[in-house]
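J.: Dumping the structure here so I can ask a few things about it.
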Amino acid sequence: MAGAFLVRRSGTPGSGFVLGMRASRIIQHAIAYILIAVFLAIALMPLAWMFSGAFKTLEQMRITFPIQWIPNPVTLQNFADGWQERNWLLNLRNTLMLAVFVGVPTITTCTLAAYAFARMRFPGSELLMLLNISLMLIPDFVTMVPRYVMMARMGWIGTWLPAVVPSMLAINPAMVFVLRQFFRAIPNELSEAARLDGSNELGIYWRVILPLSKPILALQIVLITSWAWNDLLFPLLYLKDKSMQTLTLAMMGFIGIRGDTRWGQMMAMSVLVSLPMMVLSYYGQRYFTEGFTLSGIKG
Amino acid sequence: MTTTDLGAQQPELDPTESPELLQKIARRRHFRRRMLPYLFILPWILGVVTFQAYPILDSFYHSFTIYDVFQPAKWIGIRNYVNLAGNDYTRKALMNTFLYVVVSVPGGLVVGLLQALLLNVKVRGLQLFRTLAIVPGTVPVAGAAAVSLFIWSPSLGLINSFLKAFGLKGQAWLSDPVMVKWVFIFMTIQGGIGMLIFLAGLQNVPQELYDASKIDGAKSIQTLFSVTLPMLTPYTLFNLLTSLIGAFQYFAGPMLMTGGGPAGGSLFYAQLIYRNAFTFFKMGHAAALSWILFVISVIIVVTVFRTSASWVYYEGGNN
């Protein structure tokens with residue numbers, strides 16, 4: 001593939017000396033631009049089509065050839081119609097509630113566990129960490145059925161308890177692992193200084209480790225919010241009631257009623273549902289890179 | 001909860017007066033210090049026991065039963081496993097999943113790698129290109145599903161419009177039981193998160209290695225195979241594991257877009273478990289499927305890690 005030829009050419013001194021070399025570099029860059037353009041066009045096309053469709057009239061949408069990218073005339077009717085179909089604000093509230101109900105307890109208990117795994121020595125810690133890593137790789141679908149039966153026996157279906165209770169018990173092995181990697185990288189001198197000042201372990205956790213872990217904690221908040229915004233399985237099992245449905249579940253019902261006249265509404269609501277996540281992910285991006293490099297794969 | 005100044009809590013006793021008491025306090029303090037880490041991980045331990053270990057064992061037991069939640073489970077031996085491929089429906093889902101895993105996992109790795117290499121070429125505007133490349137992955141699954149339905153729609157869809165532009169005939173992509181799985185495979189390969197991870201990996205390849213390879217007179221393609229790809233292997237390992245495990249959990253896309261249809265054409269493993277459990281209330285059957293998934297996952301992880309020593313390169317020795 002042409003991409004292979006293009007790895008890292010610039011920045012090396014002397015590469016522009018020979019005229020032939022410079023010419024070949026120009027050609028390589030031209031090829032790179034073309035390939036990047038093709039790749040981005042394919043990747044961004046659905047998004048462009050979503051935005052374009054959201055503002056199109058039905059008449060214009062029916063013109064399939066030539067392809068109409070720019071809506072003309074621009075209409076907001078799709079947004080008005082789609083908005084009336086469902087109680088979207090309630091779905092938004094439920095999505096945010098799910099994020100909070102899962103996020104707050106999970107982050108609390110996972111940071112505590114990660115602190116012990118990263119900064120305290122105790123018999124069995126390595127074995128338990130190994131167990132944690134293995135659990136990271138076990139698909140949710142393995143435990144889905146018995147967990148549901150358990151929750152049903154407790155009479156918790158139709159309440160928020162299936163979200164809250166497992167979260168209070170640090171059910172997020174990936175988070176425990178990532179946090180532990182991050183905590184381990186914090187210099188020990190800082191904890192020692194706090195210890196000399198009379199801090200106990202809980203104090204060190206609270207006043208030294210957590211404040212220094214803001215980027216990774218921000219990343220976890222972004223990840224959990226995006227989970228609540230994206231997950232289908234959990235709401236499908238536990239938040240089926242109309243009053244508890246999240247945005248994903250609401251969209252599922254909304255998408256389910258198809259027909260060519262509804263594409264405009266569907267695109268309009270997709271834009272509304274997607275925009276907040278796109279903005280959040282954009283700002284969360286730097287935390288992603290930061291957290292990823294620090295906690296990384298090469299641990 | 002203080003753990004350090006135990007003595008300060010009992011000012012009425014002067015511990016120095018009685019060696020016995022002193023010893024007792026020291027022992028208790030020691031005990032508390034030793035127990036403290038377990039206190040920190042107590043919620044985690046309880047979670048592992050109640051929501052991980054117990055469900056796995058429970059589904060093992062129920063995989064040998066007929067169970068519909070409403071009536072007590074009835075032991076039927078290994079019938080759930082034997083009958084697994086007995087019905088047409090399950091067979092279809094297994095075949096679909098096999099095809100999906102075999103095509104989309106390697107395909108996704110290769111495409112993700114190529115995308116990352118492309119976004120690592122030092123051209124002007126690179127930062128903008130990278131940002132743009134990340135955007136599609138930030139669209140929530142519900143939005144992406146709605147747009148995909150629209151794009152692949154037979155009457156007003158973008159894909160058929162493109163085909164028409166080239167004088168080709170449009171297809172009813174999502175209502176064709178064979179075509180539909182290829183649509184999902186294509187979507188998975190094209191929009192994977194692997195690119196991001198490879199891109200992060202490429203940033204960690206030391207420039208010295210490229211320079212050295214250049215001094216040695218290596219061509220770009222040689223550099224790719226002798227420097228870039230070996231240095232990326234830890235990231236490849238990560239992507240391989242997550243995409244393999246993820247492929248067996250592929251759920252939201254088909255659930256939102258086709259519900260597994262038409263005629264089971266886009267029914268994959270995760271949805272098979274879901275349907276058995278929550279549509280047909282065949283919990284025993286679902287438990288057997290869950291356990292098979294568990295065993296498959298374990299085999300995948302063990303095999304990948306076992307073989308990884310021979311192809312994954314870690315800086316500063318293997319670890």
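Just remember, in the structure tokens the first chain shown is A, the second B, etc., residues are 1-based per chain, and ligands are 1-based in the order shown.
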Identify, on the basis of only C-alpha atoms, every residue whose closest approach to Leu272 (chain B) does not exceed 10 Å; exclude the query and any residue fewer than 3 positions from it along the same chain; express the result as a PyMOL selection string.

T.: chain B and resi 89-90+92-94+251+260+264+267-269+275-277+279+286+289-290

J.: Go ahead and write the selection's residues with C-alpha atoms as a PDB file, in the first residue's frame.

T.:
```pdb
ATOM      1  CA  TYR B  89     -31.849 -20.273  13.991  1.00  0.00           C
ATOM      2  CA  THR B  90     -28.898 -20.895  16.299  1.00  0.00           C
ATOM      3  CA  LYS B  92     -27.407 -19.228  11.445  1.00  0.00           C
ATOM      4  CA  ALA B  93     -26.257 -17.030  14.308  1.00  0.00           C
ATOM      5  CA  LEU B  94     -23.145 -19.146  14.856  1.00  0.00           C
ATOM      6  CA  PHE B 251     -24.896  -6.059  19.749  1.00  0.00           C
ATOM      7  CA  GLY B 260     -31.208  -9.444  13.718  1.00  0.00           C
ATOM      8  CA  GLY B 264     -31.707 -14.172  10.983  1.00  0.00           C
ATOM      9  CA  LEU B 267     -28.201 -12.317  14.020  1.00  0.00           C
ATOM     10  CA  PHE B 268     -24.922 -12.456  15.927  1.00  0.00           C
ATOM     11  CA  TYR B 269     -23.829 -14.252  19.082  1.00  0.00           C
ATOM     12  CA  ARG B 275     -33.080 -13.385  22.515  1.00  0.00           C
ATOM     13  CA  ASN B 276     -32.953 -16.775  24.150  1.00  0.00           C
ATOM     14  CA  ALA B 277     -32.987 -15.218  27.595  1.00  0.00           C
ATOM     15  CA  THR B 279     -37.567 -13.080  24.270  1.00  0.00           C
ATOM     16  CA  ALA B 286     -28.888 -18.761  27.192  1.00  0.00           C
ATOM     17  CA  LEU B 289     -24.418 -20.010  25.258  1.00  0.00           C
ATOM     18  CA  SER B 290     -22.945 -17.668  27.883  1.00  0.00           C
TER      19      SER B 290
END
```

J.: Applying 6 Å and only C-alpha atoms, which residues near Ser167 (chain A) remain after dropping the ones on its own chain fewer than 6 positions away? List them as a list in words.

T.: Val102, Pro105 and Thr106 of chain A

J.: Closest to Leu57 (chain B) among B:Val180, B:Ala146, B:Ala288, B:Ala116, using only C-alpha atoms?

T.: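 Under the stated criterion, the closest residue is B:Ala288.
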
J.: Using only C-alpha atoms, which residues sit within 12 Å of Arg124 (chain B) once same-chain residues fewer than 6 positions away are excluded, as a PyMOL selection string?

T.: (chain A and resi 10+29-30+32-33+36) or (chain B and resi 130)

J.: Pull N, CA and C atoms from the residues just selected and write them as a tab-separated table (two decimals), in the first residue's frame.

T.:
```
chain	number	residue	atom	x	y	z
A	10	SER	N	9.83	13.64	6.66
A	10	SER	CA	10.36	14.98	6.87
A	10	SER	C	11.16	15.05	8.16
A	29	HIS	N	4.15	13.45	-0.88
A	29	HIS	CA	3.17	14.25	-0.14
A	29	HIS	C	1.87	14.39	-0.91
A	30	ALA	N	1.97	14.50	-2.22
A	30	ALA	CA	0.76	14.61	-3.03
A	30	ALA	C	-0.07	13.34	-2.89
A	32	ALA	N	0.00	11.33	-0.38
A	32	ALA	CA	-0.52	11.32	0.98
A	32	ALA	C	-1.78	12.17	1.08
A	33	TYR	N	-1.75	13.36	0.48
A	33	TYR	CA	-2.94	14.23	0.54
A	33	TYR	C	-4.13	13.56	-0.10
A	36	ILE	N	-5.38	10.74	2.17
A	36	ILE	CA	-6.05	11.28	3.36
A	36	ILE	C	-7.42	11.82	2.98
B	130	ARG	N	-6.28	14.84	11.69
B	130	ARG	CA	-6.45	13.89	12.81
B	130	ARG	C	-7.75	14.17	13.55
```

J.: Just list as JSON, numbers by chain whatever in region 49-282 of chain A DSSP marks as alpha helix (DSSP H).

T.: {"A": [49, 50, 51, 52, 53, 54, 58, 59, 60, 61, 77, 78, 79, 80, 81, 82, 83, 84, 85, 88, 89, 90, 91, 92, 93, 94, 95, 96, 97, 98, 99, 100, 101, 102, 103, 104, 105, 106, 107, 108, 109, 110, 111, 112, 113, 114, 115, 116, 117, 118, 119, 125, 126, 127, 128, 129, 130, 131, 132, 133, 134, 135, 136, 140, 141, 142, 143, 144, 145, 146, 147, 148, 149, 150, 151, 152, 153, 154, 161, 162, 163, 164, 165, 166, 167, 168, 173, 174, 175, 176, 177, 178, 179, 180, 181, 182, 183, 184, 188, 189, 190, 191, 192, 193, 194, 195, 196, 201, 202, 203, 204, 210, 211, 212, 214, 215, 216, 217, 218, 219, 220, 221, 222, 223, 224, 225, 226, 227, 228, 229, 230, 233, 234, 235, 236, 237, 238, 247, 248, 249, 250, 251, 252, 253, 254, 255, 256, 263, 264, 265, 266, 267, 268, 269, 270, 271, 272, 273, 274, 275, 276, 277, 278, 279, 280, 281, 282]}

J.: So which one's closest to chain A, B:Val205, B:Leu174, B:Leu109, B:Ile45? Using only C-alpha atoms, please.

T.: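 Closest to chain A, using only C-alpha atoms: B:Ile45.
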
J.: Quick one, how far is CA of Pro140 (chain B) from CA of Ile257 (chain A)?

T.: 19.5 Å

J.: So, with only C-alpha atoms as the atoms that count, which of A:Ala54, A:Phe39, A:Leu161, A:Trp83 lies closest to Phe254 (chain A)?

T.: A:Trp83

J.: Pick out the residues sitting within 9 Å of Pro136 (chain B), and hand them over as a list in words; count only C-alpha atoms, and ignore anything fewer than 5 positions along from it in its own chain.

T.: Ala43, Leu44, Pro46, Leu47 and Met278 of chain A; Ala144 and Gly191 of chain B

J.: Let me make sure I understand: among A:Tyr282, A:Trp49, A:Trp227, A:Trp88, which one has the smallest atom-to-atom distance to Ser243 (chain A) if we use only C-alpha atoms?

T.: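 Selected residue with least distance to Ser243 (chain A): A:Trp88.
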
J.: Nearest to chain A among B:Phe198, B:Phe280, B:Phe40, B:Tyr67, with distances taken over only C-alpha atoms: which residue is it?

T.: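 Nearest candidate to chain A out of B:Phe198, B:Phe280, B:Phe40, B:Tyr67: B:Phe40.
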
J.: How close does region 210-263 of chain B get to region 247-253 of chain A? List, as a Markdown table, each residue of region 210-263 of chain B within 12 Å, its nearest atom pair and the distance in Å to one decimal, counting only C-alpha atoms.

T.:
```
| residue | atom | partner | partner_atom | distance |
| --- | --- | --- | --- | --- |
| B:Ala252 | CA | A:Thr248 | CA | 9.6 |
| B:Gly253 | CA | A:Met252 | CA | 10.5 |
| B:Pro254 | CA | A:Met252 | CA | 11.2 |
| B:Met255 | CA | A:Met252 | CA | 8.6 |
| B:Leu256 | CA | A:Met252 | CA | 5.7 |
| B:Met257 | CA | A:Met252 | CA | 8.5 |
| B:Thr258 | CA | A:Met252 | CA | 10.7 |
| B:Gly259 | CA | A:Met252 | CA | 10.1 |
```

J.: Would you mind exporting N, CA and C atoms of the selected residues as a short mmCIF file (atom, residue, chain, number, x, y, z; two decimals), in the first residue's frame?

T.:
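Contents of again.cif, freshly written:
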```
data_model
loop_
_atom_site.label_atom_id
_atom_site.label_comp_id
_atom_site.auth_asym_id
_atom_site.auth_seq_id
_atom_site.Cartn_x
_atom_site.Cartn_y
_atom_site.Cartn_z
N ALA B 252 -25.30 -3.66 19.70
CA ALA B 252 -26.16 -2.48 19.53
C ALA B 252 -26.48 -2.19 18.06
N GLY B 253 -25.46 -2.29 17.18
CA GLY B 253 -25.68 -1.96 15.77
C GLY B 253 -26.81 -2.76 15.14
N PRO B 254 -26.67 -4.11 15.09
CA PRO B 254 -27.73 -4.91 14.49
C PRO B 254 -29.05 -4.80 15.25
N MET B 255 -28.97 -4.68 16.57
CA MET B 255 -30.21 -4.59 17.37
C MET B 255 -31.00 -3.34 16.96
N LEU B 256 -30.29 -2.22 16.80
CA LEU B 256 -30.98 -0.98 16.46
C LEU B 256 -31.41 -0.95 15.00
N MET B 257 -30.58 -1.51 14.11
CA MET B 257 -30.86 -1.34 12.69
C MET B 257 -31.76 -2.40 12.09
N THR B 258 -31.53 -3.66 12.44
CA THR B 258 -32.31 -4.72 11.79
C THR B 258 -32.99 -5.64 12.78
N GLY B 259 -32.63 -5.55 14.05
CA GLY B 259 -33.17 -6.46 15.04
C GLY B 259 -32.75 -7.90 14.78
#
```

J.: Would you list the contacts of Ala247 (chain B) as number ranges by chain, taking every protein, DNA or RNA residue within 12 Å and counting only C-alpha atoms, but skipping same-chain residues closer than 3 positions in sequence?

T.: A: 139, 141; B: 96-106, 108, 184-185, 188-189, 192, 239-244, 250-253, 268-271, 293, 296-297, 300

J.: Include N, CA and C atoms and write out the residues we just selected as a CSV table (one decimal), in the first residue's frame.

T.:
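Produced file selection.csv, reproduced below:
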```csv
chain,number,residue,atom,x,y,z
A,139,PRO,N,-16.5,-11.0,28.6
A,139,PRO,CA,-17.6,-10.3,28.0
A,139,PRO,C,-18.8,-10.1,29.0
A,141,PHE,N,-21.8,-10.3,28.3
A,141,PHE,CA,-22.8,-11.2,28.0
A,141,PHE,C,-22.7,-12.5,28.8
B,96,ASN,N,-23.0,-16.7,11.2
B,96,ASN,CA,-22.8,-15.3,11.0
B,96,ASN,C,-21.7,-14.7,11.9
B,97,THR,N,-21.7,-15.2,13.2
B,97,THR,CA,-20.7,-14.7,14.1
B,97,THR,C,-19.3,-15.1,13.6
B,98,PHE,N,-19.2,-16.4,13.2
B,98,PHE,CA,-17.9,-16.9,12.7
B,98,PHE,C,-17.4,-16.0,11.5
B,99,LEU,N,-18.3,-15.8,10.6
B,99,LEU,CA,-17.9,-15.0,9.4
B,99,LEU,C,-17.5,-13.6,9.9
B,100,TYR,N,-18.3,-13.0,10.8
B,100,TYR,CA,-18.0,-11.7,11.3
B,100,TYR,C,-16.7,-11.6,12.0
B,101,VAL,N,-16.4,-12.5,12.8
B,101,VAL,CA,-15.1,-12.5,13.6
B,101,VAL,C,-13.9,-12.7,12.6
B,102,VAL,N,-14.1,-13.7,11.7
B,102,VAL,CA,-13.0,-14.0,10.8
B,102,VAL,C,-12.7,-12.9,9.8
B,103,VAL,N,-13.7,-12.1,9.4
B,103,VAL,CA,-13.4,-11.1,8.4
B,103,VAL,C,-13.2,-9.7,9.1
B,104,SER,N,-14.0,-9.4,10.1
B,104,SER,CA,-13.9,-8.0,10.6
B,104,SER,C,-12.7,-7.8,11.5
B,105,VAL,N,-12.3,-8.8,12.2
B,105,VAL,CA,-11.1,-8.6,13.2
B,105,VAL,C,-9.8,-8.3,12.4
B,106,PRO,N,-9.4,-9.3,11.5
B,106,PRO,CA,-8.2,-8.9,10.7
B,106,PRO,C,-8.4,-7.7,9.8
B,108,GLY,N,-10.3,-5.1,10.3
B,108,GLY,CA,-10.3,-3.9,11.1
B,108,GLY,C,-8.9,-3.6,11.5
B,184,PHE,N,-22.8,-4.9,7.9
B,184,PHE,CA,-22.3,-4.7,9.3
B,184,PHE,C,-20.8,-5.0,9.3
B,185,ILE,N,-20.3,-5.9,8.6
B,185,ILE,CA,-18.9,-6.2,8.6
B,185,ILE,C,-18.1,-5.0,8.0
B,188,THR,N,-18.1,-2.2,10.6
B,188,THR,CA,-17.1,-2.5,11.7
B,188,THR,C,-15.7,-2.2,11.2
B,189,ILE,N,-15.4,-2.7,10.1
B,189,ILE,CA,-14.0,-2.6,9.6
B,189,ILE,C,-13.6,-1.1,9.4
B,192,GLY,N,-13.5,1.4,13.0
B,192,GLY,CA,-13.0,0.9,14.3
B,192,GLY,C,-12.2,1.9,15.1
B,239,ASN,N,-5.1,-4.3,20.4
B,239,ASN,CA,-6.2,-4.2,19.4
B,239,ASN,C,-6.7,-5.5,19.1
B,240,LEU,N,-5.9,-6.5,18.9
B,240,LEU,CA,-6.3,-7.8,18.6
B,240,LEU,C,-7.2,-8.4,19.7
B,241,LEU,N,-6.7,-8.3,20.9
B,241,LEU,CA,-7.5,-8.8,22.0
B,241,LEU,C,-8.9,-8.1,22.1
B,242,THR,N,-8.9,-6.8,22.2
B,242,THR,CA,-10.1,-6.1,22.3
B,242,THR,C,-11.1,-6.3,21.2
B,243,SER,N,-10.5,-6.4,20.0
B,243,SER,CA,-11.5,-6.5,18.8
B,243,SER,C,-12.0,-8.0,18.8
B,244,LEU,N,-11.2,-8.9,19.2
B,244,LEU,CA,-11.7,-10.3,19.2
B,244,LEU,C,-12.8,-10.5,20.2
B,250,TYR,N,-20.8,-8.0,19.7
B,250,TYR,CA,-21.4,-7.0,18.8
B,250,TYR,C,-22.9,-7.1,18.9
B,251,PHE,N,-23.5,-6.0,19.3
B,251,PHE,CA,-24.9,-6.1,19.7
B,251,PHE,C,-25.7,-4.9,19.3
B,252,ALA,N,-25.3,-3.7,19.7
B,252,ALA,CA,-26.2,-2.5,19.5
B,252,ALA,C,-26.5,-2.2,18.1
B,253,GLY,N,-25.5,-2.3,17.2
B,253,GLY,CA,-25.7,-2.0,15.8
B,253,GLY,C,-26.8,-2.8,15.1
B,268,PHE,N,-26.3,-12.1,15.5
B,268,PHE,CA,-24.9,-12.5,15.9
B,268,PHE,C,-25.0,-13.0,17.4
B,269,TYR,N,-23.9,-13.5,17.8
B,269,TYR,CA,-23.8,-14.3,19.1
B,269,TYR,C,-24.5,-13.5,20.3
B,270,ALA,N,-24.1,-12.3,20.5
B,270,ALA,CA,-24.6,-11.6,21.6
B,270,ALA,C,-26.1,-11.5,21.6
B,271,GLN,N,-26.7,-11.2,20.4
B,271,GLN,CA,-28.1,-11.1,20.3
B,271,GLN,C,-28.8,-12.4,20.5
B,293,LEU,N,-19.4,-18.8,25.5
B,293,LEU,CA,-18.7,-17.6,25.2
B,293,LEU,C,-17.6,-17.4,26.2
B,296,ILE,N,-14.8,-19.6,25.2
B,296,ILE,CA,-14.1,-19.0,24.0
B,296,ILE,C,-13.2,-17.9,24.3
B,297,SER,N,-13.7,-17.0,25.2
B,297,SER,CA,-12.9,-15.8,25.6
B,297,SER,C,-11.6,-16.3,26.3
B,300,ILE,N,-9.3,-17.6,23.7
B,300,ILE,CA,-8.7,-16.5,23.0
B,300,ILE,C,-7.6,-15.8,23.7
```

J.: Between B:Leu156, B:Met187, B:Leu22, B:Ala73, which has the minimum distance to chain A (counting only C-alpha atoms)?

T.: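 Nearest to chain A: B:Leu156.
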
J.: If we count only C-alpha atoms and set the cut-off at 12 Å, which residues sit around Ile292 (chain B), ignoring sequence neighbours fewer than 6 positions away in its own chain? Please answer as a VMD selection string.

T.: (chain A and resid 138 to 139 141 to 143) or (chain B and resid 56 59 to 60 63 80 to 81 84 94 248 269 to 270 273 285 to 286 298 to 299)

J.: Pull C-alpha atoms from the residues just selected and write them as a PDB file, in the first residue's frame.

T.:
```pdb
ATOM      1  CA  ILE A 138     -14.699 -11.389  30.202  1.00  0.00           C
ATOM      2  CA  PRO A 139     -17.611 -10.257  28.024  1.00  0.00           C
ATOM      3  CA  PHE A 141     -22.837 -11.199  28.018  1.00  0.00           C
ATOM      4  CA  VAL A 142     -21.355 -14.018  30.084  1.00  0.00           C
ATOM      5  CA  THR A 143     -22.801 -12.674  33.324  1.00  0.00           C
TER       6      THR A 143
ATOM      7  CA  ILE B  56     -20.399 -17.234  36.178  1.00  0.00           C
ATOM      8  CA  SER B  59     -24.847 -19.763  34.664  1.00  0.00           C
ATOM      9  CA  PHE B  60     -22.720 -22.898  34.673  1.00  0.00           C
ATOM     10  CA  SER B  63     -26.695 -24.305  31.560  1.00  0.00           C
ATOM     11  CA  ASN B  80     -28.544 -27.604  26.101  1.00  0.00           C
ATOM     12  CA  TYR B  81     -25.048 -28.105  24.757  1.00  0.00           C
ATOM     13  CA  LEU B  84     -27.027 -26.092  20.551  1.00  0.00           C
ATOM     14  CA  LEU B  94     -23.145 -19.146  14.856  1.00  0.00           C
ATOM     15  CA  PHE B 248     -18.433 -11.653  20.195  1.00  0.00           C
ATOM     16  CA  TYR B 269     -23.829 -14.252  19.082  1.00  0.00           C
ATOM     17  CA  ALA B 270     -24.614 -11.552  21.643  1.00  0.00           C
ATOM     18  CA  ILE B 273     -27.994 -14.936  24.002  1.00  0.00           C
ATOM     19  CA  HIS B 285     -30.129 -22.340  26.781  1.00  0.00           C
ATOM     20  CA  ALA B 286     -28.888 -18.761  27.192  1.00  0.00           C
ATOM     21  CA  VAL B 298     -10.575 -17.726  27.920  1.00  0.00           C
ATOM     22  CA  ILE B 299      -9.173 -19.696  24.979  1.00  0.00           C
TER      23      ILE B 299
END
```

J.: To one decimal in Å, tell me the separation between CA of Glu208 (chain B) and CA of Leu224 (chain B).

T.: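 That distance, rounded to one decimal, is 14.3 Å.
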